[in-house]
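Peer 1: The structure file query.pdb (PDB, C-alpha atoms) is provided below.
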ATOM      1  CA  ASP A   1     -79.477-196.775 181.416
ATOM      2  CA  GLY A   2     -82.717-197.102 183.325
ATOM      3  CA  GLY A   3     -85.775-195.371 181.999
ATOM      4  CA  ILE A   4     -89.099-195.500 180.248
ATOM      5  CA  THR A   5     -89.490-195.935 176.533
ATOM      6  CA  GLN A   6     -92.536-195.151 174.483
ATOM      7  CA  SER A   7     -92.935-195.878 170.827
ATOM      8  CA  PRO A   8     -93.552-194.522 168.359
ATOM      9  CA  LYS A   9     -92.941-190.828 168.968
ATOM     10  CA  TYR A  10     -95.504-189.839 166.322
ATOM     11  CA  LEU A  11     -98.457-191.934 165.218
ATOM     12  CA  PHE A  12    -101.075-191.252 162.573
ATOM     13  CA  ARG A  13    -104.304-193.210 162.237
ATOM     14  CA  LYS A  14    -107.583-193.032 160.431
ATOM     15  CA  GLU A  15    -110.763-192.564 162.377
ATOM     16  CA  GLY A  16    -112.377-195.859 163.348
ATOM     17  CA  GLN A  17    -109.124-197.748 163.829
ATOM     18  CA  ASN A  18    -107.857-199.038 167.151
ATOM     19  CA  VAL A  19    -104.244-198.212 167.945
ATOM     20  CA  THR A  20    -101.907-199.497 170.670
ATOM     21  CA  LEU A  21     -99.229-197.339 172.249
ATOM     22  CA  SER A  22     -96.351-199.120 173.901
ATOM     23  CA  CYS A  23     -94.715-198.296 177.224
ATOM     24  CA  GLU A  24     -91.758-200.207 178.677
ATOM     25  CA  GLN A  25     -89.767-199.468 181.836
ATOM     26  CA  ASN A  26     -86.624-201.030 183.243
ATOM     27  CA  LEU A  27     -86.688-199.147 186.546
ATOM     28  CA  ASN A  28     -88.257-202.091 188.376
ATOM     29  CA  HIS A  29     -91.138-199.845 189.379
ATOM     30  CA  ASP A  30     -94.374-201.346 190.653
ATOM     31  CA  ALA A  31     -96.749-198.595 189.558
ATOM     32  CA  MET A  32     -97.368-197.410 186.014
ATOM     33  CA  TYR A  33     -99.652-194.723 184.639
ATOM     34  CA  TRP A  34    -101.080-193.432 181.384
ATOM     35  CA  TYR A  35    -101.868-189.758 180.965
ATOM     36  CA  ARG A  36    -103.335-187.700 178.205
ATOM     37  CA  GLN A  37    -102.257-184.090 177.616
ATOM     38  CA  ASP A  38    -104.098-181.661 175.350
ATOM     39  CA  PRO A  39    -102.575-178.339 174.257
ATOM     40  CA  GLY A  40    -102.333-175.817 177.071
ATOM     41  CA  GLN A  41    -103.677-178.235 179.637
ATOM     42  CA  GLY A  42    -102.412-180.357 182.448
ATOM     43  CA  LEU A  43    -102.177-184.118 182.475
ATOM     44  CA  ARG A  44    -105.293-186.242 182.912
ATOM     45  CA  LEU A  45    -105.082-189.798 184.206
ATOM     46  CA  ILE A  46    -106.426-192.493 181.898
ATOM     47  CA  TYR A  47    -105.446-195.719 183.680
ATOM     48  CA  TYR A  48    -103.003-196.787 186.341
ATOM     49  CA  SER A  49    -101.633-200.068 187.592
ATOM     50  CA  GLN A  50     -99.997-200.770 190.923
ATOM     51  CA  ILE A  51     -99.196-204.421 190.343
ATOM     52  CA  VAL A  52     -99.031-206.969 187.542
ATOM     53  CA  ASN A  53    -102.424-208.221 186.306
ATOM     54  CA  ASP A  54    -104.265-205.380 188.035
ATOM     55  CA  PHE A  55    -105.207-201.898 186.865
ATOM     56  CA  GLN A  56    -107.746-199.189 187.689
ATOM     57  CA  LYS A  57    -109.560-196.564 185.671
ATOM     58  CA  GLY A  58    -108.502-192.968 185.997
ATOM     59  CA  ASP A  59    -110.572-189.889 185.284
ATOM     60  CA  ILE A  60    -110.946-190.346 181.514
ATOM     61  CA  ALA A  61    -110.851-194.114 180.876
ATOM     62  CA  GLU A  62    -113.751-194.245 178.405
ATOM     63  CA  GLY A  63    -112.581-195.347 174.965
ATOM     64  CA  TYR A  64    -109.262-196.701 176.268
ATOM     65  CA  SER A  65    -108.054-200.107 177.437
ATOM     66  CA  VAL A  66    -104.852-201.371 179.035
ATOM     67  CA  SER A  67    -103.146-204.575 180.122
ATOM     68  CA  ARG A  68    -100.395-205.310 182.652
ATOM     69  CA  GLU A  69     -99.154-208.804 181.949
ATOM     70  CA  LYS A  70     -95.549-207.987 182.834
ATOM     71  CA  LYS A  71     -94.088-205.598 185.385
ATOM     72  CA  GLU A  72     -92.086-203.834 182.680
ATOM     73  CA  SER A  73     -94.889-203.263 180.181
ATOM     74  CA  PHE A  74     -98.154-201.283 180.246
ATOM     75  CA  PRO A  75     -99.577-200.872 176.723
ATOM     76  CA  LEU A  76    -102.498-198.546 176.054
ATOM     77  CA  THR A  77    -105.065-199.180 173.327
ATOM     78  CA  VAL A  78    -106.986-196.217 171.995
ATOM     79  CA  THR A  79    -110.201-197.661 170.624
ATOM     80  CA  SER A  80    -112.558-196.307 168.005
ATOM     81  CA  ALA A  81    -114.948-195.487 170.856
ATOM     82  CA  GLN A  82    -112.687-192.639 172.009
ATOM     83  CA  LYS A  83    -114.381-189.603 170.523
ATOM     84  CA  ASN A  84    -111.421-187.259 170.420
ATOM     85  CA  PRO A  85    -108.230-189.343 170.445
ATOM     86  CA  THR A  86    -105.809-186.805 168.994
ATOM     87  CA  ALA A  87    -103.513-185.875 171.891
ATOM     88  CA  PHE A  88    -100.088-186.289 173.481
ATOM     89  CA  TYR A  89     -99.951-189.524 175.495
ATOM     90  CA  LEU A  90     -97.511-189.895 178.361
ATOM     91  CA  CYS A  91     -96.598-193.027 180.256
ATOM     92  CA  ALA A  92     -95.102-192.800 183.731
ATOM     93  CA  SER A  93     -93.930-195.090 186.496
ATOM     94  CA  SER A  94     -93.154-194.819 190.180
ATOM     95  CA  SER A  95     -91.826-197.024 192.919
ATOM     96  CA  LYS A  96     -94.644-197.379 195.403
ATOM     97  CA  ALA A  97     -92.700-199.950 197.339
ATOM     98  CA  LEU A  98     -90.552-197.299 199.032
ATOM     99  CA  ALA A  99     -91.991-195.319 201.887
ATOM    100  CA  GLY A 100     -92.318-191.720 200.901
ATOM    101  CA  SER A 101     -91.784-192.471 197.223
ATOM    102  CA  TYR A 102     -93.494-189.727 195.319
ATOM    103  CA  GLU A 103     -91.646-189.018 192.087
ATOM    104  CA  GLN A 104     -93.148-190.124 188.797
ATOM    105  CA  TYR A 105     -90.795-190.802 185.919
ATOM    106  CA  PHE A 106     -92.071-190.110 182.434
ATOM    107  CA  GLY A 107     -91.404-191.544 179.023
ATOM    108  CA  PRO A 108     -90.862-189.214 176.039
ATOM    109  CA  GLY A 109     -94.511-189.465 174.974
ATOM    110  CA  THR A 110     -96.402-190.451 171.833
ATOM    111  CA  ARG A 111     -98.162-187.798 169.803
ATOM    112  CA  LEU A 112    -101.227-189.421 168.247
ATOM    113  CA  THR A 113    -103.091-187.797 165.371
ATOM    114  CA  VAL A 114    -106.359-189.295 164.168
ATOM    115  CA  THR A 115    -107.960-187.963 160.990
TER     116      THR A 115
ATOM    117  CA  GLY B   1    -114.514-181.394 193.145
ATOM    118  CA  GLN B   2    -110.764-181.700 193.011
ATOM    119  CA  SER B   3    -108.757-179.033 191.277
ATOM    120  CA  LEU B   4    -105.510-177.087 191.284
ATOM    121  CA  GLU B   5    -105.315-173.494 190.136
ATOM    122  CA  GLN B   6    -102.178-171.802 188.852
ATOM    123  CA  PRO B   7    -101.563-168.785 186.600
ATOM    124  CA  SER B   8    -101.481-169.595 182.902
ATOM    125  CA  GLU B   9     -98.421-167.481 182.155
ATOM    126  CA  VAL B  10     -95.676-165.634 184.001
ATOM    127  CA  THR B  11     -92.992-163.417 182.479
ATOM    128  CA  ALA B  12     -89.652-162.631 184.114
ATOM    129  CA  VAL B  13     -86.213-161.323 183.262
ATOM    130  CA  GLU B  14     -83.059-163.420 183.052
ATOM    131  CA  GLY B  15     -81.232-163.389 186.380
ATOM    132  CA  ALA B  16     -84.334-162.437 188.356
ATOM    133  CA  ILE B  17     -86.508-164.390 190.801
ATOM    134  CA  VAL B  18     -89.999-165.627 189.980
ATOM    135  CA  GLN B  19     -92.715-167.244 192.065
ATOM    136  CA  ILE B  20     -95.396-169.521 190.611
ATOM    137  CA  ASN B  21     -98.398-170.013 192.861
ATOM    138  CA  CYS B  22    -100.727-172.973 193.166
ATOM    139  CA  THR B  23    -103.917-173.293 195.160
ATOM    140  CA  TYR B  24    -105.601-176.634 195.512
ATOM    141  CA  GLN B  25    -108.923-178.110 196.420
ATOM    142  CA  THR B  26    -108.902-181.860 196.980
ATOM    143  CA  SER B  27    -111.015-184.170 199.088
ATOM    144  CA  GLY B  28    -107.874-185.861 200.357
ATOM    145  CA  PHE B  29    -104.390-184.394 200.319
ATOM    146  CA  TYR B  30    -101.071-186.138 200.709
ATOM    147  CA  GLY B  31     -98.608-183.619 199.304
ATOM    148  CA  LEU B  32     -97.810-181.204 196.486
ATOM    149  CA  SER B  33     -95.375-181.881 193.667
ATOM    150  CA  TRP B  34     -93.879-179.627 191.014
ATOM    151  CA  TYR B  35     -92.847-180.692 187.517
ATOM    152  CA  GLN B  36     -91.139-178.906 184.654
ATOM    153  CA  GLN B  37     -92.028-179.550 181.025
ATOM    154  CA  HIS B  38     -90.237-178.078 178.035
ATOM    155  CA  ASP B  39     -92.186-177.718 174.801
ATOM    156  CA  GLY B  40     -92.694-181.112 173.191
ATOM    157  CA  GLY B  41     -91.007-182.910 176.075
ATOM    158  CA  ALA B  42     -92.005-185.001 179.049
ATOM    159  CA  PRO B  43     -92.547-183.636 182.560
ATOM    160  CA  THR B  44     -89.591-183.950 184.901
ATOM    161  CA  PHE B  45     -89.870-183.909 188.667
ATOM    162  CA  LEU B  46     -88.630-180.829 190.533
ATOM    163  CA  SER B  47     -89.791-181.066 194.130
ATOM    164  CA  TYR B  48     -92.294-182.437 196.610
ATOM    165  CA  ASN B  49     -93.745-181.009 199.827
ATOM    166  CA  ALA B  50     -95.615-183.236 202.219
ATOM    167  CA  LEU B  51     -95.292-180.903 205.206
ATOM    168  CA  ASP B  52     -95.646-177.160 205.647
ATOM    169  CA  GLY B  53     -92.579-175.129 204.927
ATOM    170  CA  LEU B  54     -89.885-174.536 202.387
ATOM    171  CA  GLU B  55     -87.903-177.181 200.514
ATOM    172  CA  GLU B  56     -84.792-175.963 198.703
ATOM    173  CA  THR B  57     -83.035-177.704 195.830
ATOM    174  CA  GLY B  58     -80.384-175.545 194.249
ATOM    175  CA  ARG B  59     -81.953-172.589 192.432
ATOM    176  CA  PHE B  60     -85.448-174.004 192.955
ATOM    177  CA  SER B  61     -87.463-173.900 196.164
ATOM    178  CA  SER B  62     -91.004-175.035 196.896
ATOM    179  CA  PHE B  63     -93.293-173.988 199.707
ATOM    180  CA  LEU B  64     -96.460-175.492 201.135
ATOM    181  CA  SER B  65     -99.107-174.228 203.535
ATOM    182  CA  ARG B  66    -101.661-176.949 204.197
ATOM    183  CA  SER B  67    -103.859-174.636 206.257
ATOM    184  CA  ASP B  68    -104.152-172.252 203.286
ATOM    185  CA  SER B  69    -104.287-175.039 200.633
ATOM    186  CA  TYR B  70    -101.529-173.150 198.882
ATOM    187  CA  GLY B  71     -98.065-173.715 197.579
ATOM    188  CA  TYR B  72     -95.544-172.030 195.361
ATOM    189  CA  LEU B  73     -92.443-172.739 193.337
ATOM    190  CA  LEU B  74     -89.645-170.197 193.556
ATOM    191  CA  LEU B  75     -87.026-170.017 190.836
ATOM    192  CA  GLN B  76     -83.924-167.920 191.467
ATOM    193  CA  GLU B  77     -81.187-166.654 189.159
ATOM    194  CA  LEU B  78     -83.358-167.339 186.156
ATOM    195  CA  GLN B  79     -81.670-168.717 183.077
ATOM    196  CA  MET B  80     -83.039-168.874 179.547
ATOM    197  CA  LYS B  81     -83.148-172.668 179.819
ATOM    198  CA  ASP B  82     -85.763-172.285 182.580
ATOM    199  CA  SER B  83     -88.276-171.225 179.927
ATOM    200  CA  ALA B  84     -90.827-174.033 180.195
ATOM    201  CA  SER B  85     -94.200-174.903 181.626
ATOM    202  CA  TYR B  86     -94.403-175.644 185.332
ATOM    203  CA  PHE B  87     -97.106-177.859 186.803
ATOM    204  CA  CYS B  88     -98.233-178.343 190.348
ATOM    205  CA  ALA B  89     -99.729-181.742 191.094
ATOM    206  CA  ALA B  90    -101.298-183.145 194.239
ATOM    207  CA  PHE B  91    -101.570-186.672 195.504
ATOM    208  CA  ARG B  92    -105.243-187.097 196.203
ATOM    209  CA  ASP B  93    -105.066-190.465 197.916
ATOM    210  CA  SER B  94    -102.715-193.163 199.093
ATOM    211  CA  ASN B  95    -102.875-194.892 195.709
ATOM    212  CA  TYR B  96    -100.327-192.463 194.276
ATOM    213  CA  GLN B  97    -102.852-190.841 191.965
ATOM    214  CA  LEU B  98    -101.849-187.328 190.988
ATOM    215  CA  ILE B  99    -104.199-184.578 189.875
ATOM    216  CA  TRP B 100    -102.555-181.819 187.883
ATOM    217  CA  GLY B 101    -102.916-178.108 187.473
ATOM    218  CA  ALA B 102    -103.171-176.730 183.931
ATOM    219  CA  GLY B 103     -99.608-175.473 184.025
ATOM    220  CA  THR B 104     -97.873-172.084 184.070
ATOM    221  CA  LYS B 105     -95.881-171.076 181.026
ATOM    222  CA  LEU B 106     -92.767-169.229 182.185
ATOM    223  CA  ILE B 107     -91.431-166.759 179.640
ATOM    224  CA  ILE B 108     -87.956-165.406 180.312
ATOM    225  CA  LYS B 109     -86.724-162.269 178.612
ATOM    226  CA  PRO B 110     -83.050-161.345 178.263
TER     227      PRO B 110
END
Can the structure in the file be given as structure tokens, please?
Peer 2:
Amino acid sequence: DGGITQSPKYLFRKEGQNVTLSCEQNLNHDAMYWYRQDPGQGLRLIYYSQIVNDFQKGDIAEGYSVSREKKESFPLTVTSAQKNPTAFYLCASSSKALAGSYEQYFGPGTRLTVT
Amino acid sequence: GQSLEQPSEVTAVEGAIVQINCTYQTSGFYGLSWYQQHDGGAPTFLSYNALDGLEETGRFSSFLSRSDSYGYLLLQELQMKDSASYFCAAFRDSNYQLIWGAGTKLIIKP
């Protein structure tokens, strides 16, 4: 089955620690995205990547870092510099290669709690 | 700035029809998408409008008016499983970046 996997589903960390959230897709999609969702709010773009070895900052990139060494993988590191890291993190992908492609496919999300 | 406005909550009765509105303000606009998200779950794609008019997919329809910077999602024959949050999202440029509304929580009563 094609899809996006994120692990773990729940993650707990102490303040001051870096943590890496994984995102893997087997949809052969070119573009991948990381979003953050806070309770009662919409999704905010952290980083996105349209091609391997290239990525761009979204609206709230401060305190986060990413890499795109393989087409299938787009891990997100939440660093200790992120002032309020507790949130629901969603990874998504889309096929930008197709004309008119507009649907983003989402993984199940990782709920990060930092205390 | 760039923003999308939608009501925070809508209540409807099972079997009825409900409309969720979305107005947008973006410097560039390439189309309006709608996503459904159940509590604790991931958003799933419902529809996309690039041009003015109505797009119908089963019980769900979506409408766009570019001149009014306005769109809506119409849900017919409501079922209890439709209880979820619904988000409008707009492509703001050709790089497939979406900006999202805050979501509308749809509450369905029997």
Peer 1: With a distance threshold of 8 Å and counting all atoms listed in the file, extract the residues of chain A near chain B and express them as a ChimeraX atom specification.
Peer 2: /A:40-45,90,96,102-109
Peer 1: Mind pulling up the distance from CA of Glu24 in chain A to CA of Ser80 in chain A?
Peer 2: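 If I compute the distance from CA of Ser80 in chain A to CA of Glu24 in chain A, I get 23.7 Å.
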Peer 1: Expressed in Å to a single decimal, how great is the separation between CA of Tyr10 in chain A and CA of Ser22 in chain A?
Peer 2: 12.0 Å
Peer 1: Applying 6 Å and only C-alpha atoms, which residues near Gly28 in chain B remain after dropping the ones on its own chain fewer than 2 positions away? List them as a compact mmCIF listing (two decimals) with C-alpha atoms, in the frame of the given file.
Peer 2:
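part_2.txt, written as the output of this step:
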# COMPACT_ATOMS: atom_id res chain seq x y z
CA THR B 26 -108.90 -181.86 196.98
CA ARG B 92 -105.24 -187.10 196.20
CA ASP B 93 -105.07 -190.46 197.92
Peer 1: Could you state the separation of CA of Ser27 in chain B and CA of Tyr47 in chain A in Å, given to one decimal place?
Peer 2: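 Pair CA of Ser27 in chain B / CA of Tyr47 in chain A returns 20.0 Å.
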Peer 1: Excluding Asn26 in chain A and residues on its chain fewer than 2 positions from it, collect all residues at most 7 Å away from it, counting all atoms listed in the file, and give them as a list in words.
Peer 2: Gly2, Gly3, Ile4, Glu24, Asn28 and Glu72 of chain A
Peer 1: Taking (-93.0, -192.9, 166.7) in the file's coordinates as the center, which residues reach within 12 Å of it, counting all atoms listed in the file, put as an MDAnalysis selection string?
Peer 2: chainID A and resid 5:12 20:23 88:89 108:113
Peer 1: Residues picked by the PyMOL selection byres ((chain B and resi 23) around 6) here, as a ChimeraX atom specification?
Peer 2: /B:4-5,22,24,69-70
Peer 1: Given the file shown, determine the residues that the PyMOL selection byres ((chain A and resi 52) around 9) selects; report them as a list in words.
Peer 2: Asp30, Ala31, Ser49, Gln50, Ile51, Asn53, Asp54, Phe55, Ser67, Arg68, Glu69, Lys70 and Lys71 of chain A
Peer 1: Of the candidates B:Asp82, B:Glu9, B:Ala90, B:Pro110, which shows the shortest atom-to-atom distance to Gln36 in chain B, using only C-alpha atoms?
Peer 2: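 For Gln36 in chain B, the nearest of the candidates is B:Asp82.
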Peer 1: Skip Ile20 in chain B itself and residues of its chain fewer than 3 positions away, then list as a list in words all residues within 7 Å of it, counting only C-alpha atoms.
Peer 2: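 Once the nearby chain positions are removed, what remains is Tyr72, Leu73 and Leu74 of chain B.
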Peer 1: I'd like to know which of A:Pro39, A:Val114, A:Arg13, A:Tyr48 is closest to Ser93 in chain A, using only C-alpha atoms.
Peer 2: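 Of A:Pro39, A:Val114, A:Arg13, A:Tyr48, the one nearest Ser93 in chain A, counting only C-alpha atoms, is A:Tyr48.
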